[in-house]
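Have a look at entry.pdb; it's PDB, C-alpha atoms:
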ATOM      1  CA  MET A   1     -31.113  21.960  33.345
ATOM      2  CA  ALA A   2     -34.344  20.259  32.274
ATOM      3  CA  ARG A   3     -32.668  16.855  32.268
ATOM      4  CA  THR A   4     -31.316  17.421  35.777
ATOM      5  CA  LEU A   5     -34.768  18.320  37.093
ATOM      6  CA  ALA A   6     -36.258  15.258  35.402
ATOM      7  CA  LEU A   7     -33.685  12.951  36.951
ATOM      8  CA  LEU A   8     -34.256  14.489  40.392
ATOM      9  CA  SER A   9     -38.021  13.992  40.081
ATOM     10  CA  VAL A  10     -37.585  10.345  39.099
ATOM     11  CA  LEU A  11     -35.235   9.812  42.039
ATOM     12  CA  ALA A  12     -37.747  11.410  44.429
ATOM     13  CA  ALA A  13     -40.483   9.135  43.097
ATOM     14  CA  TYR A  14     -38.390   6.021  43.706
ATOM     15  CA  ILE A  15     -37.629   7.206  47.271
ATOM     16  CA  ALA A  16     -41.347   7.787  47.916
ATOM     17  CA  MET A  17     -42.202   4.322  46.646
ATOM     18  CA  ALA A  18     -39.525   2.763  48.866
ATOM     19  CA  GLN A  19     -40.894   4.602  51.875
ATOM     20  CA  ALA A  20     -44.385   3.384  50.986
ATOM     21  CA  PHE A  21     -43.194  -0.225  51.016
ATOM     22  CA  VAL A  22     -41.197   0.151  54.231
ATOM     23  CA  ALA A  23     -43.539   2.409  56.261
ATOM     24  CA  PRO A  24     -46.335  -0.126  56.956
ATOM     25  CA  ALA A  25     -43.885  -2.617  58.396
ATOM     26  CA  THR A  26     -42.284  -0.066  60.734
ATOM     27  CA  SER A  27     -45.355   1.947  61.761
ATOM     28  CA  VAL A  28     -47.530  -0.951  62.891
ATOM     29  CA  SER A  29     -48.430  -0.626  66.591
ATOM     30  CA  PHE A  30     -48.998  -3.437  69.066
ATOM     31  CA  GLN A  31     -52.699  -2.788  69.205
ATOM     32  CA  SER A  32     -55.030  -5.447  67.973
ATOM     33  CA  ARG A  33     -55.744  -4.811  64.295
ATOM     34  CA  SER A  34     -57.369  -7.034  61.781
ATOM     35  CA  PRO A  35     -55.050  -8.436  59.097
ATOM     36  CA  VAL A  36     -57.576  -7.607  56.375
ATOM     37  CA  THR A  37     -57.489  -3.914  57.256
ATOM     38  CA  THR A  38     -53.672  -3.885  57.323
ATOM     39  CA  ARG A  39     -53.406  -5.581  53.952
ATOM     40  CA  GLY A  40     -55.934  -3.182  52.417
ATOM     41  CA  THR A  41     -54.043  -0.145  53.721
ATOM     42  CA  ILE A  42     -50.750  -1.467  52.349
ATOM     43  CA  SER A  43     -52.253  -2.165  48.925
ATOM     44  CA  MET A  44     -53.795   1.327  48.763
ATOM     45  CA  MET A  45     -50.459   2.937  49.652
ATOM     46  CA  ARG A  46     -48.668   0.863  47.032
ATOM     47  CA  SER A  47     -51.196   1.797  44.330
ATOM     48  CA  SER A  48     -50.936   5.503  45.191
ATOM     49  CA  ALA A  49     -47.131   5.259  45.018
ATOM     50  CA  ARG A  50     -47.325   3.606  41.597
ATOM     51  CA  MET A  51     -49.681   6.342  40.317
ATOM     52  CA  SER A  52     -47.362   9.095  41.546
ATOM     53  CA  LEU A  53     -44.402   7.318  39.948
ATOM     54  CA  ALA A  54     -46.246   7.067  36.611
ATOM     55  CA  SER A  55     -47.087  10.788  36.655
ATOM     56  CA  LEU A  56     -43.478  11.652  37.437
ATOM     57  CA  ASP A  57     -42.288   9.399  34.605
ATOM     58  CA  GLN A  58     -44.588  11.227  32.190
ATOM     59  CA  ARG A  59     -43.216  14.607  33.303
ATOM     60  CA  ALA A  60     -39.661  13.301  32.973
ATOM     61  CA  CYS A  61     -40.414  12.069  29.452
ATOM     62  CA  ALA A  62     -41.767  15.482  28.514
ATOM     63  CA  ALA A  63     -38.649  17.143  29.904
ATOM     64  CA  PHE A  64     -36.368  14.769  27.967
ATOM     65  CA  THR A  65     -38.337  15.315  24.768
ATOM     66  CA  SER A  66     -38.107  19.103  25.081
ATOM     67  CA  CYS A  67     -34.305  18.957  25.397
ATOM     68  CA  THR A  68     -32.291  19.364  22.233
ATOM     69  CA  PRO A  69     -29.516  16.748  21.773
ATOM     70  CA  ARG A  70     -25.943  17.905  21.333
ATOM     71  CA  THR A  71     -24.426  17.712  17.873
ATOM     72  CA  ASP A  72     -20.837  17.655  16.690
ATOM     73  CA  HIS A  73     -19.265  19.000  13.507
ATOM     74  CA  PHE A  74     -20.689  16.128  11.446
ATOM     75  CA  ASP A  75     -24.280  17.167  12.350
ATOM     76  CA  MET A  76     -24.967  13.743  13.898
ATOM     77  CA  PRO A  77     -26.551  13.407  17.413
ATOM     78  CA  LEU A  78     -24.100  12.169  20.016
ATOM     79  CA  GLU A  79     -26.685  11.252  22.699
ATOM     80  CA  PRO A  80     -29.878   9.612  21.380
ATOM     81  CA  ASN A  81     -33.149  10.350  23.134
ATOM     82  CA  HIS A  82     -33.652   7.089  25.080
ATOM     83  CA  ASN A  83     -36.619   7.740  27.377
ATOM     84  CA  ALA A  84     -39.175   5.642  29.183
ATOM     85  CA  CYS A  85     -42.072   6.600  26.888
ATOM     86  CA  HIS A  86     -40.619   4.759  23.839
ATOM     87  CA  GLN A  87     -41.259   7.665  21.525
ATOM     88  CA  ALA A  88     -40.186   7.702  17.888
ATOM     89  CA  PRO A  89     -36.422   8.330  17.422
ATOM     90  CA  LEU A  90     -35.265  11.735  16.303
ATOM     91  CA  PRO A  91     -34.542  11.993  12.555
ATOM     92  CA  LEU A  92     -30.827  12.041  11.765
ATOM     93  CA  THR A  93     -29.544  15.095   9.948
ATOM     94  CA  PRO A  94     -28.045  14.102   6.565
ATOM     95  CA  PRO A  95     -24.337  14.805   6.046
ATOM     96  CA  ARG A  96     -23.198  17.981   4.413
ATOM     97  CA  PRO A  97     -22.624  18.112   0.622
ATOM     98  CA  HIS A  98     -18.844  17.969   0.921
ATOM     99  CA  MET A  99     -19.143  14.929   3.193
ATOM    100  CA  GLN A 100     -21.384  13.195   0.622
ATOM    101  CA  THR A 101     -18.795  13.868  -2.081
ATOM    102  CA  TYR A 102     -16.048  12.502   0.161
ATOM    103  CA  LEU A 103     -18.022   9.337   0.892
ATOM    104  CA  LEU A 104     -18.742   8.760  -2.798
ATOM    105  CA  THR A 105     -15.142   9.283  -3.864
ATOM    106  CA  SER A 106     -13.741   7.176  -1.029
ATOM    107  CA  CYS A 107     -16.029   4.293  -1.999
ATOM    108  CA  ALA A 108     -15.372   4.642  -5.716
ATOM    109  CA  THR A 109     -11.574   4.946  -5.630
ATOM    110  CA  THR A 110      -9.844   1.860  -4.276
ATOM    111  CA  GLY A 111      -6.442   2.191  -5.969
ATOM    112  CA  HIS A 112      -4.404   3.246  -2.960
ATOM    113  CA  GLY A 113      -0.629   3.230  -3.366
ATOM    114  CA  LYS A 114      -0.735   2.831  -7.150
ATOM    115  CA  ARG A 115       1.396   5.810  -8.116
ATOM    116  CA  MET A 116       4.158   3.427  -9.209
ATOM    117  CA  PRO A 117       3.787  -0.243 -10.199
ATOM    118  CA  LYS A 118       5.282  -2.520  -7.567
ATOM    119  CA  LEU A 119       6.422  -5.018 -10.239
ATOM    120  CA  GLY A 120       6.148  -7.820  -7.680
ATOM    121  CA  LYS A 121       9.398  -6.809  -5.966
ATOM    122  CA  PRO A 122      10.528  -5.069  -2.769
ATOM    123  CA  ALA A 123      11.552  -1.429  -2.885
ATOM    124  CA  ASP A 124      15.297  -2.015  -3.246
ATOM    125  CA  GLN A 125      14.936  -4.660  -5.969
ATOM    126  CA  ARG A 126      12.384  -2.535  -7.809
ATOM    127  CA  LYS A 127      14.700   0.485  -7.819
ATOM    128  CA  ALA A 128      17.595  -1.650  -9.057
ATOM    129  CA  LEU A 129      15.425  -3.034 -11.856
ATOM    130  CA  LEU A 130      14.335   0.441 -12.946
ATOM    131  CA  ARG A 131      17.929   1.685 -12.953
ATOM    132  CA  SER A 132      19.122  -1.291 -14.970
ATOM    133  CA  LEU A 133      16.368  -1.044 -17.590
ATOM    134  CA  THR A 134      16.823   2.722 -17.910
ATOM    135  CA  THR A 135      20.533   2.241 -18.480
ATOM    136  CA  GLU A 136      19.879  -0.346 -21.194
ATOM    137  CA  VAL A 137      17.322   1.859 -22.944
ATOM    138  CA  ILE A 138      19.765   4.764 -23.110
ATOM    139  CA  ARG A 139      22.615   2.470 -24.222
ATOM    140  CA  HIS A 140      20.767   0.551 -26.964
ATOM    141  CA  GLY A 141      17.963   2.983 -27.762
ATOM    142  CA  ARG A 142      15.402   0.164 -27.918
ATOM    143  CA  ILE A 143      14.650  -2.817 -25.681
ATOM    144  CA  LYS A 144      11.868  -5.369 -25.378
ATOM    145  CA  THR A 145      10.367  -6.110 -21.978
ATOM    146  CA  THR A 146       6.985  -6.597 -20.389
ATOM    147  CA  LEU A 147       4.440  -3.874 -20.980
ATOM    148  CA  VAL A 148       4.177  -2.996 -17.298
ATOM    149  CA  ARG A 149       7.937  -2.579 -16.944
ATOM    150  CA  ALA A 150       8.136  -0.531 -20.121
ATOM    151  CA  LYS A 151       5.533   1.883 -18.830
ATOM    152  CA  ALA A 152       7.256   1.989 -15.442
ATOM    153  CA  ILE A 153      10.680   3.026 -16.805
ATOM    154  CA  ARG A 154       9.373   5.611 -19.267
ATOM    155  CA  PRO A 155       9.365   8.446 -16.667
ATOM    156  CA  CYS A 156      12.897   7.484 -15.617
ATOM    157  CA  VAL A 157      14.207   7.678 -19.181
ATOM    158  CA  ASP A 158      12.512  11.040 -19.730
ATOM    159  CA  LYS A 159      14.030  12.370 -16.519
ATOM    160  CA  MET A 160      17.572  11.316 -17.512
ATOM    161  CA  ILE A 161      17.242  13.034 -20.889
ATOM    162  CA  GLN A 162      15.827  16.145 -19.232
ATOM    163  CA  LEU A 163      18.817  16.233 -16.901
ATOM    164  CA  SER A 164      21.154  15.936 -19.870
ATOM    165  CA  LYS A 165      19.452  18.895 -21.535
ATOM    166  CA  ASP A 166      19.999  20.922 -18.386
ATOM    167  CA  GLY A 167      23.714  20.187 -18.571
ATOM    168  CA  SER A 168      24.632  21.499 -15.120
ATOM    169  CA  LEU A 169      27.061  19.786 -12.767
ATOM    170  CA  HIS A 170      24.290  18.982 -10.334
ATOM    171  CA  SER A 171      22.209  17.360 -13.091
ATOM    172  CA  ARG A 172      25.232  15.325 -14.213
ATOM    173  CA  ARG A 173      25.772  14.056 -10.674
ATOM    174  CA  GLN A 174      22.108  13.127 -10.388
ATOM    175  CA  ALA A 175      22.296  11.126 -13.617
ATOM    176  CA  MET A 176      25.497   9.410 -12.510
ATOM    177  CA  ALA A 177      23.834   8.457  -9.223
ATOM    178  CA  PHE A 178      20.983   6.781 -11.105
ATOM    179  CA  LEU A 179      22.564   5.166 -14.147
ATOM    180  CA  TYR A 180      25.054   2.318 -13.795
ATOM    181  CA  ASP A 181      27.453   3.414 -16.565
ATOM    182  CA  LYS A 182      29.359   6.652 -16.019
ATOM    183  CA  GLU A 183      30.706   6.725 -19.595
ATOM    184  CA  LEU A 184      27.131   6.438 -20.824
ATOM    185  CA  VAL A 185      26.222   9.490 -18.738
ATOM    186  CA  HIS A 186      28.952  11.571 -20.393
ATOM    187  CA  ALA A 187      27.819  10.426 -23.841
ATOM    188  CA  LEU A 188      24.220  11.240 -22.993
ATOM    189  CA  PHE A 189      25.099  14.750 -21.849
ATOM    190  CA  GLU A 190      27.029  15.341 -25.071
ATOM    191  CA  ASN A 191      24.470  14.065 -27.601
ATOM    192  CA  ALA A 192      21.008  14.440 -26.041
ATOM    193  CA  PRO A 193      20.797  18.273 -25.937
ATOM    194  CA  GLU A 194      21.392  18.520 -29.688
ATOM    195  CA  ARG A 195      19.131  15.588 -30.547
ATOM    196  CA  TYR A 196      16.166  16.732 -28.451
ATOM    197  CA  ALA A 197      16.607  20.495 -28.733
ATOM    198  CA  ASP A 198      13.151  20.988 -30.305
ATOM    199  CA  ARG A 199      11.297  18.546 -28.020
ATOM    200  CA  GLU A 200      10.040  19.280 -24.529
ATOM    201  CA  GLY A 201       9.210  15.929 -22.984
ATOM    202  CA  GLY A 202       8.075  12.660 -24.505
ATOM    203  CA  TYR A 203      11.564  11.424 -25.378
ATOM    204  CA  CYS A 204      10.573   7.739 -25.600
ATOM    205  CA  ARG A 205       7.586   5.701 -26.723
ATOM    206  CA  VAL A 206       6.082   2.359 -25.713
ATOM    207  CA  LEU A 207       4.799  -0.032 -28.409
ATOM    208  CA  ARG A 208       2.720  -3.145 -27.842
ATOM    209  CA  THR A 209       3.873  -6.479 -29.228
ATOM    210  CA  MET A 210       2.687 -10.071 -29.198
ATOM    211  CA  PRO A 211       2.220 -11.738 -25.808
ATOM    212  CA  ARG A 212       5.071 -13.825 -24.461
ATOM    213  CA  GLN A 213       4.893 -17.541 -25.057
ATOM    214  CA  GLY A 214       4.549 -19.644 -21.959
ATOM    215  CA  ASP A 215       2.777 -17.315 -19.519
ATOM    216  CA  ASN A 216       1.006 -15.094 -22.115
ATOM    217  CA  ALA A 217       2.346 -11.949 -20.438
ATOM    218  CA  LYS A 218       1.792  -8.661 -22.245
ATOM    219  CA  MET A 219       4.992  -7.520 -23.934
ATOM    220  CA  GLY A 220       6.090  -4.119 -25.164
ATOM    221  CA  ILE A 221       8.964  -2.258 -26.800
ATOM    222  CA  ILE A 222      10.292   0.962 -25.356
ATOM    223  CA  GLU A 223      12.464   3.059 -27.635
ATOM    224  CA  LEU A 224      13.887   6.534 -27.854
ATOM    225  CA  VAL A 225      12.145   8.942 -30.217
TER     226      VAL A 225
END

I need this file expressed as structure tokens, please.
Amino acid sequence: MARTLALLSVLAAYIAMAQAFVAPATSVSFQSRSPVTTRGTISMMRSSARMSLASLDQRACAAFTSCTPRTDHFDMPLEPNHNACHQAPLPLTPPRPHMQTYLLTSCATTGHGKRMPKLGKPADQRKALLRSLTTEVIRHGRIKTTLVRAKAIRPCVDKMIQLSKDGSLHSRRQAMAFLYDKELVHALFENAPERYADREGGYCRVLRTMPRQGDNAKMGIIELV
């Protein structure tokens, strides 16, 4: 309401000033009048209009300053107090504690999409590689590959052994859908429950070895416990 009144007062002041500029030109009669007197009257009317406009601007500034700016759920002002008096800007309310924590964590953590190593391959090729390496680990019990790939297939090997310990038909079908050798799946379901009866998880280990010659890539050995 205060802002509306201030805007109306400013508009009325501009209208009064326009009338002051236009009125002398339209209200001049055909009587003989000295040009000095006419110019003096016009200048006095213009100065009075400027003074009234300045007083109205001051009242409008006071009305704008008294108004409280709207805030949203982040406690930040949506409409800054831009007025004609060039007063100091309103202090910004600091964010809430949970917002500060979110900003700190979002700036500190930059590892988006790193739940599984991409291995430099598309999704279909990466899945095929994981299936092939998991099959070879279960078949031979020990393989040598890069350290990143060894760490990537360790959850897959543990999951296949956990399915074999379950022993249900659904678990067998899940293992057959992942591994490439069906006979290996039957052998796994026959031998793994007895071998890992006393162990709940951690069915394989990853060992570090010497770097590969040529590209100096980190190598590792993954083997069944």

- Message: As an exercise, work out the distance from CA of Asp124 (chain A) to CA of Gly214 (chain A) in Å and give it to one decimal place.
- Response: 27.9 Å

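Between Gly220 (chain A) and the candidates A:Arg205, A:Asp198, A:Met160, A:Ala16, the tightest atom-to-atom separation, counting all atoms listed in the file, involves A:Arg205.
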
- Item | Residue among A:Met210, A:Leu8, A:Ala192, A:Ala123 lying closest to Ser164 (chain A), counting all atoms listed in the file |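 The shortest atom-to-atom distance to Ser164 (chain A) comes from A:Ala192.
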
- Residue IDs satisfying the PyMOL selection byres ((chain A and resi 183-185) around 9), as a PyMOL selection string: chain A and resi 135+138-139+160+164+172+175-176+179-182+186-190

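Interatomic distance, CA of Ile221 (chain A) to CA of Val157 (chain A): 13.6 Å.
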
- Quick one: of A:Arg142, A:Arg208, A:Arg149, A:Arg131, who's nearest to Leu224 (chain A), counting all atoms listed in the file? A:Arg142

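Taking all atoms listed in the file into account, Glu223 (chain A) lies nearest to A:Arg154 out of the set A:Arg115, A:Arg126, A:Arg199, A:Arg154.
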
- Message: as number ranges by chain, please: the residues near Tyr203 (chain A) (cut-off 7 Å, only C-alpha atoms, same-chain neighbours under 2 positions excluded).
- Response: A: 158, 201, 224-225

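The nearest approach to Leu129 (chain A) among the residues A:Ala12, A:Leu5, A:Leu147, A:Ile153, with all atoms listed in the file taken into account, belongs to A:Ile153.
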
- Measuring atom to atom with all atoms listed in the file, identify which of A:Met116, A:Cys156, A:Val148, A:Ala197 is nearest to Ser132 (chain A).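 Among A:Met116, A:Cys156, A:Val148, A:Ala197, it is A:Cys156 that comes nearest to Ser132 (chain A).
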
- Message: Can you measure CA of Asn191 (chain A) to CA of Gly167 (chain A) for me? One decimal in Å is fine.
- Response: 10.9 Å
